[in-house]
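Structure data follow from input.txt (compact mmCIF, C-alpha atoms and all ligand atoms):
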```
# COMPACT_ATOMS: atom_id res chain seq x y z
CA MET A 463 -19.99 0.25 17.85
CA ALA A 464 -23.21 1.94 16.75
CA LEU A 465 -22.79 5.42 15.36
CA GLU A 466 -24.77 8.41 16.47
CA PRO A 467 -27.84 9.06 14.35
CA GLN A 468 -27.46 11.97 12.01
CA ALA A 469 -28.56 15.31 13.39
CA ASP A 470 -31.90 16.75 12.36
CA PRO A 471 -31.20 18.69 9.14
CA LEU A 472 -32.87 21.89 10.37
CA PRO A 473 -30.03 24.22 11.38
CA ASN A 474 -32.38 27.12 12.17
CA ALA A 475 -34.21 25.10 14.77
CA ARG A 476 -31.05 24.40 16.73
CA ALA A 477 -29.75 26.34 19.64
CA PRO A 478 -26.72 28.49 18.81
CA GLY A 479 -23.48 26.56 18.92
CA THR A 480 -24.89 23.19 17.94
CA ALA A 481 -24.32 23.52 14.19
CA HIS A 482 -20.72 22.42 14.51
CA ALA A 483 -21.63 19.37 16.55
CA GLY A 484 -24.25 18.42 13.93
CA SER A 485 -21.77 18.75 11.12
CA SER A 486 -19.23 16.65 12.95
CA VAL A 487 -21.80 13.86 13.41
CA ARG A 488 -22.68 14.13 9.75
CA GLN A 489 -19.02 13.97 8.80
CA ARG A 490 -18.48 10.94 11.01
CA ASN A 491 -21.51 9.13 9.60
CA LEU A 492 -20.57 9.93 6.02
CA SER A 493 -17.07 8.80 6.80
CA ALA A 494 -18.30 5.45 8.17
CA LEU A 495 -20.45 4.86 5.09
CA LEU A 496 -17.66 5.81 2.70
CA ARG A 497 -15.26 3.44 4.42
CA ILE A 498 -17.67 0.52 4.08
CA LEU A 499 -18.29 1.26 0.40
CA HIS A 500 -14.60 1.80 -0.29
CA VAL A 501 -13.46 -1.41 1.38
CA ASN A 502 -16.42 -3.74 0.73
CA GLY A 503 -17.64 -2.45 -2.63
CA PRO A 504 -21.34 -2.41 -3.59
CA THR A 505 -23.47 -2.83 -0.49
CA SER A 506 -27.24 -2.80 -0.06
CA ARG A 507 -28.88 -0.09 2.02
CA ALA A 508 -30.16 -2.82 4.35
CA ARG A 509 -26.62 -4.04 4.91
CA LEU A 510 -25.34 -0.49 5.45
CA THR A 511 -28.02 -0.04 8.10
CA LYS A 512 -26.88 -3.22 9.81
CA LEU A 513 -23.16 -2.45 9.61
CA THR A 514 -23.40 1.13 10.89
CA GLY A 515 -26.18 0.72 13.44
CA LEU A 516 -27.85 3.81 11.96
CA ASN A 517 -31.55 3.78 11.17
CA ARG A 518 -33.00 3.40 7.68
CA SER A 519 -34.00 6.98 7.17
CA THR A 520 -30.56 8.23 8.28
CA ILE A 521 -28.90 5.84 5.83
CA GLY A 522 -31.32 7.06 3.14
CA GLY A 523 -30.29 10.67 3.81
CA LEU A 524 -26.57 9.86 3.83
CA VAL A 525 -26.81 7.86 0.61
CA ALA A 526 -28.66 10.74 -1.03
CA GLU A 527 -25.86 13.03 0.08
CA LEU A 528 -23.18 10.69 -1.31
CA ARG A 529 -25.07 10.60 -4.62
CA GLU A 530 -25.20 14.37 -4.70
CA LEU A 531 -21.49 14.54 -4.00
CA GLY A 532 -20.90 12.15 -6.90
CA LEU A 533 -19.37 9.50 -4.64
CA ALA A 534 -22.02 6.81 -5.00
CA VAL A 535 -24.71 5.56 -7.33
CA GLU A 536 -27.56 3.19 -6.70
CA ASN A 537 -27.77 0.33 -9.07
CA GLY A 538 -30.15 -2.61 -8.77
CA HIS A 539 -31.66 -4.18 -5.68
CA GLU A 540 -30.82 -6.92 -3.27
CA VAL A 541 -33.67 -9.35 -3.07
CA THR A 542 -33.98 -10.83 0.37
CA PRO A 543 -36.23 -13.71 1.38
CA GLY A 544 -39.34 -12.87 3.37
CA PRO A 545 -41.49 -9.75 3.47
CA GLY A 546 -40.19 -6.24 2.89
CA ARG A 547 -39.12 -4.29 -0.15
CA PRO A 548 -35.92 -5.15 -2.03
CA SER A 549 -33.05 -3.02 -0.77
CA PRO A 550 -31.25 -0.72 -3.26
CA ILE A 551 -27.57 -1.49 -3.80
CA VAL A 552 -25.20 1.43 -3.24
CA GLU A 553 -22.03 1.41 -5.33
CA PRO A 554 -18.92 3.53 -4.92
CA ARG A 555 -18.35 5.79 -7.94
CA PRO A 556 -14.60 5.59 -8.70
CA GLU A 557 -14.36 8.90 -10.49
CA GLY A 558 -16.22 10.59 -7.60
CA ALA A 559 -12.85 11.05 -5.87
CA ILE A 560 -9.43 9.94 -6.94
CA ALA A 561 -5.94 9.55 -5.53
CA LEU A 562 -2.68 9.72 -7.44
CA ALA A 563 -0.26 6.95 -6.49
CA VAL A 564 3.50 6.88 -6.94
CA GLU A 565 5.93 3.98 -6.55
CA LEU A 566 9.54 5.02 -6.23
CA THR A 567 11.85 2.02 -6.02
CA VAL A 568 15.30 1.19 -7.32
CA ASP A 569 14.15 -0.45 -10.53
CA SER A 570 11.02 1.43 -11.39
CA LEU A 571 9.04 4.57 -11.15
CA ALA A 572 5.33 3.99 -11.48
CA THR A 573 2.30 6.21 -11.17
CA ALA A 574 -1.42 5.51 -11.12
CA VAL A 575 -4.81 7.10 -10.74
CA ASN A 576 -7.00 5.12 -8.36
CA GLY A 577 -10.64 5.83 -7.74
CA PHE A 578 -12.77 5.76 -4.63
CA GLY A 579 -13.59 2.05 -4.16
CA GLY A 580 -10.03 1.05 -5.02
CA GLU A 581 -10.18 0.65 -8.78
CA ILE A 582 -7.02 1.51 -10.75
CA LEU A 583 -8.24 3.88 -13.45
CA ALA A 584 -4.92 4.46 -15.17
CA ALA A 585 -1.31 3.42 -14.56
CA ARG A 586 2.11 3.96 -16.04
CA ARG A 587 5.42 2.27 -15.24
CA LEU A 588 8.91 3.33 -16.24
CA VAL A 589 11.42 0.55 -15.80
CA ARG A 590 14.83 2.08 -15.27
CA PRO A 591 18.24 0.65 -15.81
CA ARG A 592 19.70 -0.24 -12.39
CA ARG A 593 21.77 2.64 -11.10
CA SER A 594 21.61 5.11 -8.28
CA VAL A 595 18.91 7.69 -8.84
CA GLU A 596 19.55 11.31 -8.03
CA PRO A 597 16.71 12.86 -6.01
CA ASP A 598 16.49 15.85 -8.40
CA GLU A 599 15.98 13.60 -11.37
CA ALA A 600 13.42 11.37 -9.65
CA ILE A 601 11.44 14.30 -8.22
CA GLU A 602 11.24 16.00 -11.59
CA GLU A 603 10.04 12.81 -13.28
CA VAL A 604 7.47 12.09 -10.56
CA ALA A 605 6.17 15.67 -10.73
CA ARG A 606 5.89 15.44 -14.50
CA GLN A 607 3.89 12.24 -14.32
CA ILE A 608 1.65 13.41 -11.50
CA GLY A 609 1.04 16.70 -13.30
CA ALA A 610 0.06 14.88 -16.50
CA MET A 611 -2.27 12.50 -14.66
CA ARG A 612 -3.91 15.34 -12.77
CA ARG A 613 -4.54 17.18 -16.03
CA SER A 614 -6.17 14.06 -17.52
CA TRP A 615 -8.43 13.78 -14.46
CA GLU A 616 -8.81 17.45 -13.63
CA ARG A 617 -12.54 17.32 -12.99
CA ALA A 618 -12.37 14.61 -10.33
CA PRO A 619 -12.03 15.67 -6.69
CA LEU A 620 -8.55 14.64 -5.57
CA ALA A 621 -7.89 13.12 -2.16
CA GLY A 622 -4.15 13.61 -2.62
CA VAL A 623 -0.96 11.95 -3.72
CA GLY A 624 0.38 8.82 -1.99
CA VAL A 625 4.02 7.94 -2.49
CA ALA A 626 5.63 4.55 -1.77
CA VAL A 627 9.39 4.82 -1.35
CA ALA A 628 11.99 2.08 -0.98
CA GLY A 629 13.55 3.49 2.15
CA LEU A 630 12.94 4.82 5.65
CA THR A 631 10.40 7.58 5.23
CA ASN A 632 9.32 9.90 7.98
CA ARG A 633 5.56 10.20 7.95
CA LEU A 634 5.67 13.16 10.30
CA THR A 635 7.89 15.33 8.11
CA GLY A 636 7.39 13.89 4.62
CA THR A 637 11.10 13.25 4.19
CA VAL A 638 12.97 10.23 2.94
CA ASP A 639 15.39 10.03 5.83
CA PHE A 640 17.49 7.08 4.75
CA ALA A 641 17.20 5.00 1.60
CA PRO A 642 20.48 3.10 1.23
CA ASN A 643 19.45 1.28 -1.95
CA LEU A 644 18.43 4.53 -3.65
CA GLY A 645 21.47 6.29 -2.18
CA TRP A 646 19.28 8.96 -0.54
CA ARG A 647 19.54 10.62 2.84
CA ASP A 648 17.39 13.43 4.28
CA VAL A 649 15.45 14.24 1.12
CA PRO A 650 12.41 16.44 1.87
CA LEU A 651 10.40 14.68 -0.80
CA SER A 652 6.90 16.03 -0.04
CA GLN A 653 8.11 19.61 0.07
CA ARG A 654 10.19 19.30 -3.09
CA LEU A 655 7.42 17.56 -5.02
CA THR A 656 5.02 20.31 -4.02
CA GLN A 657 7.50 22.91 -5.25
CA SER A 658 8.06 21.09 -8.55
CA LEU A 659 4.34 20.79 -9.16
CA THR A 660 3.87 24.51 -8.50
CA ASP A 661 6.77 25.31 -10.84
CA MET A 662 5.11 23.19 -13.50
CA GLY A 663 1.94 25.24 -13.21
CA VAL A 664 -0.31 22.73 -11.40
CA PRO A 665 -2.86 25.20 -10.02
CA GLU A 666 -3.87 23.44 -6.80
CA GLN A 667 -1.82 22.40 -3.81
CA LEU A 668 -1.88 18.60 -3.71
CA PRO A 669 -1.65 16.95 -0.29
CA ILE A 670 1.24 14.49 -0.42
CA ASP A 671 1.57 11.47 1.88
CA LEU A 672 4.74 9.48 1.99
CA ALA A 673 5.41 6.01 3.35
CA ASN A 674 7.75 3.07 3.15
CA GLU A 675 6.93 0.83 0.19
CA ALA A 676 6.61 -2.39 2.19
CA ASP A 677 4.30 -0.73 4.71
CA LEU A 678 2.08 0.20 1.79
CA GLY A 679 2.36 -3.28 0.30
CA ALA A 680 1.13 -4.61 3.64
CA LEU A 681 -1.78 -2.15 3.66
CA ALA A 682 -2.73 -3.10 0.09
CA GLU A 683 -2.60 -6.85 0.71
CA ALA A 684 -4.54 -6.49 3.96
CA ARG A 685 -7.27 -4.43 2.33
CA ARG A 686 -7.48 -5.78 -1.20
CA GLY A 687 -5.18 -8.78 -1.60
CA ALA A 688 -4.14 -12.01 0.08
CA GLY A 689 -4.98 -10.71 3.56
CA ARG A 690 -8.50 -9.40 3.00
CA ASP A 691 -9.97 -11.31 5.93
CA VAL A 692 -6.84 -11.31 8.05
CA ASP A 693 -6.03 -8.91 10.90
CA ASP A 694 -2.41 -9.93 11.41
CA LEU A 695 -0.05 -10.17 8.50
CA VAL A 696 3.53 -9.51 7.55
CA TYR A 697 4.36 -8.41 4.01
CA VAL A 698 7.87 -9.07 2.77
CA SER A 699 8.97 -7.57 -0.49
CA GLY A 700 12.30 -8.14 -2.19
CA GLU A 701 13.93 -5.82 -4.66
CA VAL A 702 17.57 -4.86 -4.15
CA GLY A 703 16.83 -4.77 -0.45
CA ILE A 704 14.16 -6.46 1.64
CA GLY A 705 11.21 -4.38 2.81
CA VAL A 706 8.82 -5.51 5.52
CA GLY A 707 5.46 -4.11 6.52
CA VAL A 708 3.36 -5.35 9.42
CA VAL A 709 -0.37 -5.16 10.04
CA ALA A 710 -1.16 -6.10 13.64
CA GLY A 711 -4.69 -6.32 14.96
CA GLY A 712 -5.94 -4.74 11.72
CA GLN A 713 -3.71 -1.68 12.17
CA PRO A 714 -0.43 -0.84 10.45
CA LEU A 715 2.57 -1.04 12.75
CA LEU A 716 4.46 2.18 12.07
CA GLY A 717 6.60 3.13 15.02
CA ALA A 718 7.15 6.72 16.08
CA ALA A 719 7.94 8.10 12.64
CA GLY A 720 7.13 5.23 10.26
CA TYR A 721 10.43 3.35 10.45
CA ALA A 722 9.10 0.24 12.20
CA ALA A 723 9.74 -3.31 10.97
CA GLU A 724 12.90 -2.54 9.02
CA ALA A 725 13.52 -6.26 9.03
CA GLY A 726 15.72 -6.06 5.94
CA HIS A 727 18.29 -4.69 8.42
CA MET A 728 17.76 -7.16 11.25
CA LEU A 729 20.90 -9.09 12.10
CA ILE A 730 20.75 -12.57 10.68
CA ASN A 731 24.40 -13.49 10.24
CA PRO A 732 27.12 -11.84 12.36
CA ASP A 733 29.69 -13.10 9.84
CA GLY A 734 27.71 -11.88 6.86
CA ALA A 735 28.43 -9.34 4.15
CA SER A 736 28.45 -5.58 4.74
CA CYS A 737 25.22 -3.73 4.06
CA GLY A 738 24.35 -0.36 2.52
CA CYS A 739 23.02 0.66 5.94
CA GLY A 740 26.55 0.55 7.37
CA ALA A 741 26.10 -2.65 9.40
CA ARG A 742 27.03 -6.21 8.56
CA GLY A 743 25.07 -9.43 8.20
CA CYS A 744 21.65 -7.82 7.68
CA TRP A 745 18.89 -10.05 6.35
CA GLU A 746 19.02 -8.38 2.95
CA THR A 747 22.75 -8.99 2.55
CA GLU A 748 22.15 -12.72 3.02
CA ALA A 749 18.73 -13.27 1.44
CA GLY A 750 18.39 -10.34 -0.98
CA GLU A 751 18.81 -10.25 -4.72
CA ARG A 752 22.52 -9.40 -4.67
CA ALA A 753 23.31 -12.34 -2.39
CA LEU A 754 21.56 -14.79 -4.69
CA LEU A 755 23.24 -13.45 -7.83
CA ARG A 756 26.67 -13.31 -6.19
CA ARG A 757 26.41 -16.90 -5.01
CA ALA A 758 25.15 -18.07 -8.40
CA GLY A 759 28.06 -16.34 -10.14
CA ILE A 760 25.81 -14.20 -12.31
CA GLU A 761 27.73 -11.53 -14.19
CA PRO A 762 27.24 -8.08 -12.59
CA SER A 763 25.80 -6.61 -15.79
CA LEU A 764 22.68 -8.69 -15.24
CA VAL A 765 20.27 -7.50 -12.52
CA GLY A 766 16.62 -7.63 -11.51
CA GLY A 767 14.12 -10.00 -13.09
CA GLU A 768 16.42 -10.91 -15.96
CA ALA A 769 19.17 -12.04 -13.59
CA ILE A 770 16.76 -14.02 -11.40
CA GLU A 771 15.47 -15.85 -14.46
CA ALA A 772 19.06 -16.67 -15.41
CA VAL A 773 19.68 -18.28 -11.99
CA LEU A 774 16.47 -20.30 -12.20
CA ALA A 775 17.28 -21.44 -15.75
CA ARG A 776 20.78 -22.54 -14.76
CA ALA A 777 19.45 -24.44 -11.75
CA ALA A 778 16.83 -26.11 -13.94
CA ASP A 779 19.66 -27.21 -16.26
CA GLY A 780 21.36 -28.86 -13.30
CA ASP A 781 24.02 -26.20 -12.64
CA PRO A 782 25.30 -27.05 -9.13
CA VAL A 783 26.47 -23.48 -8.39
CA ALA A 784 23.05 -22.01 -9.17
CA THR A 785 21.34 -24.76 -7.18
CA ALA A 786 23.58 -24.18 -4.16
CA ALA A 787 22.92 -20.42 -4.41
CA MET A 788 19.19 -21.03 -4.32
CA GLU A 789 19.55 -23.40 -1.40
CA GLU A 790 21.58 -20.97 0.68
CA THR A 791 19.43 -17.95 -0.16
CA GLY A 792 16.29 -19.95 0.62
CA ARG A 793 17.79 -20.95 3.95
CA TRP A 794 18.47 -17.34 4.99
CA LEU A 795 15.04 -16.34 3.83
CA GLY A 796 13.40 -19.10 5.86
CA LEU A 797 15.37 -18.15 8.98
CA GLY A 798 14.24 -14.54 8.56
CA PHE A 799 10.61 -15.57 8.14
CA GLY A 800 10.98 -17.61 11.32
CA ASN A 801 12.20 -14.54 13.20
CA LEU A 802 9.31 -12.45 11.91
CA VAL A 803 6.75 -15.07 12.82
CA ASN A 804 8.22 -15.35 16.33
CA LEU A 805 8.05 -11.57 16.71
CA PHE A 806 4.64 -10.77 15.25
CA ASN A 807 2.57 -13.99 15.39
CA PRO A 808 0.89 -13.30 12.04
CA ARG A 809 -1.69 -15.45 10.28
CA LEU A 810 -0.07 -14.72 6.94
CA VAL A 811 3.34 -13.88 5.59
CA VAL A 812 2.74 -12.41 2.13
CA LEU A 813 5.67 -12.45 -0.27
CA GLY A 814 5.89 -9.72 -2.86
CA GLY A 815 8.37 -8.23 -5.30
CA LEU A 816 11.22 -10.58 -6.14
CA TYR A 817 9.95 -13.22 -3.71
CA HIS A 818 6.71 -13.49 -5.63
CA ARG A 819 8.81 -15.18 -8.31
CA LEU A 820 11.29 -16.97 -6.02
CA PHE A 821 8.96 -18.48 -3.45
CA GLU A 822 8.03 -21.60 -5.36
CA PRO A 823 11.53 -22.53 -6.59
CA LEU A 824 13.02 -21.90 -3.12
CA GLN A 825 10.15 -23.25 -1.07
CA THR A 826 11.77 -26.52 0.03
CA TYR A 827 14.79 -24.66 1.43
CA ILE A 828 12.66 -21.90 2.93
CA ASP A 829 10.34 -24.37 4.66
CA GLU A 830 13.18 -26.34 6.18
CA ALA A 831 14.93 -23.30 7.65
CA PHE A 832 11.63 -21.74 8.71
CA GLY A 833 10.70 -24.93 10.57
CA SER A 834 14.01 -24.86 12.43
CA ARG A 835 13.56 -21.25 13.59
CA ALA A 836 9.87 -20.51 14.10
CA LEU A 837 8.29 -21.40 17.43
CA PRO A 838 6.01 -24.35 16.68
CA VAL A 839 2.92 -22.70 18.18
CA SER A 840 3.42 -19.61 16.02
CA ALA A 841 4.39 -21.64 12.94
CA ASP A 842 1.20 -23.69 13.23
CA MET A 843 -0.91 -20.54 12.88
CA VAL A 844 0.78 -18.99 9.89
CA GLU A 845 0.74 -19.52 6.17
CA LEU A 846 3.38 -18.28 3.75
CA VAL A 847 1.73 -17.13 0.52
CA VAL A 848 2.63 -15.04 -2.50
CA SER A 849 1.16 -11.60 -3.01
CA GLU A 850 -2.21 -11.51 -4.77
CA LEU A 851 -1.66 -8.00 -6.04
CA GLY A 852 1.79 -8.64 -7.52
CA ASP A 853 3.31 -5.62 -9.22
CA GLU A 854 0.33 -3.46 -8.35
CA ALA A 855 0.60 -3.87 -4.57
CA LEU A 856 2.68 -0.75 -3.91
CA LEU A 857 0.61 1.54 -6.12
CA ILE A 858 -2.60 0.25 -4.55
CA GLY A 859 -1.14 0.81 -1.08
CA ALA A 860 0.00 4.33 -1.98
CA ALA A 861 -3.48 5.17 -3.26
CA GLU A 862 -5.08 3.69 -0.15
CA LEU A 863 -2.87 5.88 2.04
CA SER A 864 -4.03 8.96 0.21
CA LEU A 865 -7.69 7.94 0.02
CA GLU A 866 -7.67 7.82 3.83
CA ARG A 867 -7.95 11.61 3.60
CA LEU A 868 -11.29 11.19 1.84
CA LEU A 869 -12.50 8.50 4.23
CA ASP A 870 -11.54 10.53 7.29
CA GLY A 871 -12.92 13.86 6.13
CA PRO A 872 -15.18 13.61 3.08
CA LEU A 873 -16.64 17.08 3.51
CA ALA A 874 -13.24 18.77 3.61
CA LEU A 875 -12.45 17.20 0.26
CA VAL A 876 -15.66 17.79 -1.59
CA ASN A 877 -16.05 21.32 -0.29
CA ARG A 878 -12.72 22.45 -1.65
CA VAL A 879 -13.20 21.33 -5.24
CA PRO A 880 -15.30 23.18 -7.77
CA THR A 881 -18.49 21.32 -8.62
CA THR A 882 -18.55 20.26 -12.24
ZN ZN B 1 21.54 -3.25 6.69
```

As structure tokens, how would this structure be written, given the file I've shared?
Ligand SMILES: [Zn+2]
Amino acid sequence: MALEPQADPLPNARAPGTAHAGSSVRQRNLSALLRILHVNGPTSRARLTKLTGLNRSTIGGLVAELRELGLAVENGHEVTPGPGRPSPIVEPRPEGAIALAVELTVDSLATAVNGFGGEILAARRLVRPRRSVEPDEAIEEVARQIGAMRRSWERAPLAGVGVAVAGLTNRLTGTVDFAPNLGWRDVPLSQRLTQSLTDMGVPEQLPIDLANEADLGALAEARRGAGRDVDDLVYVSGEVGIGVGVVAGGQPLLGAAGYAAEAGHMLINPDGASCGCGARGCWETEAGERALLRRAGIEPSLVGGEAIEAVLARAADGDPVATAAMEETGRWLGLGFGNLVNLFNPRLVVLGGLYHRLFEPLQTYIDEAFGSRALPVSADMVELVVSELGDEALLIGAAELSLERLLDGPLALVNRVPTT
């Protein structure tokens, strides 16, 4: 859809009452340009003109404004065949606006600073010993890390803080409503993080956006990873539990509060093991990390990546118990993928977290079970692939969630920070 041309920049010449309409057109046009630069990277002015439907002089004015705001630079020219001048290339300027990203999962707590355009400018990961994490402890640590990162980047306009949590998060209220693998229920995370940051002396109020980790993995892979050119994908990430995020028709599938696609808790085996959610036979009890380790007879002191490597090593040495554990886990995984493909008809199923490592060794078993479950017409359209973003997927997704604030309302952001 073509956008409206930018209003004439002569506010005094307008009739009373039209200033607001002009500024909303300007905001919308800036927003459209920012989104293209953020998602596509460096883009020539000629291409921006084509993509937005705006005319050349309007694009020239908007680019000048983005340069003034510190959000873009022009660097080099695109030489096109035929007559006409070479078109300047507009590049997003990462430090022109940043987002702070947080990943809060059972095994790790990670934070990052991501710039406009998607670049990770700094990142830090704390790998924790596997145990339940008290909300107080986690919130204090997250606040400390966010506070330190904000201080290091205090001159950059901040879109906000995006937080990826391994649990059911309510996007409307900013609470972690139910996170069985963290052992959390009804934790008002946004509110408590805000309070902790204030207590620590962070002078500004940081907007905090919260979402389920797999939903953010899906967003990251769709925008910057394996699903860049794909409108329909399912992201499946394994840690202790199984998280699933769905992008359908280019849009995240969230449900009323953000709980949608909790496929880790779909019923897959009525006779299966009991789950942290209170039910029995959920997908994660049959195809998750604990199921694999239990079947392989791995000692309970070993968890996470170390334990997975132990299973794979034993199977490679010909251990029949480890091999059978991989076969059975792969079978439940494949059945679950079949269900998801029948439900969502994606082009891609992207495997992250634990399954990034397990996909190849389990692929034969996964494929067989998947083939038995998926409807052939849906199966023919889909490819199962591993995540391109790997360990960074959740942080990238969290940053993308927060940078939406910049893309949706660039003027609100740049007007509330002191110019430096
Ligand atoms: Zn469950």

Pick out the residues no farther than 7 Å from ligand ZN 1 (chain B), counting only C-alpha atoms and all ligand atoms, and list them as JSON, numbers by chain. {"A": [726, 727, 737, 738, 739, 740, 741, 742, 744, 746]}

Padding of 3 Å on every side, edges along x, y and z, all listed atoms of range 865-870 of chain A included: what centre and edge lengths in Å, to one decimal, does that box have, as JSON?
```
{"center_x": -10.1, "center_y": 9.7, "center_z": 3.7, "size_x": 10.8, "size_y": 9.8, "size_z": 13.3}
```

Enumerate, in order of chain and increasing residue number, the residues of range 479-565 of chain A with an atom no farther than 9 Å from range 620-636 of chain A, each with its shortest atom pair and distance in Å to one decimal, counting all atoms listed in the file, as a Markdown table.
```
| residue | atom | partner | partner_atom | distance |
| --- | --- | --- | --- | --- |
| A:Gly558 | CA | A:Leu620 | CA | 8.9 |
| A:Ala559 | CA | A:Leu620 | CA | 5.6 |
| A:Ile560 | CA | A:Leu620 | CA | 5.0 |
| A:Ala561 | CA | A:Ala621 | CA | 5.3 |
| A:Leu562 | CA | A:Val623 | CA | 4.7 |
| A:Ala563 | CA | A:Gly624 | CA | 4.9 |
| A:Val564 | CA | A:Val625 | CA | 4.6 |
| A:Glu565 | CA | A:Ala626 | CA | 4.8 |
```

Excluding same-chain residues fewer than 5 positions from Pro591 in chain A, what lies within 10 Å of it counting all atoms listed in the file, as a ChimeraX atom specification? /A:568-570,765-766

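Closest approach to Thr791 in chain A among A:Val589, A:Val844, A:Leu873, A:Leu820 is made by A:Leu820 (distances from only C-alpha atoms).
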
In Å to one decimal, how far is CA of Val575 in chain A from CA of Ile608 in chain A?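 So the two atoms, CA of Ile608 in chain A and CA of Val575 in chain A, lie 9.1 Å apart.
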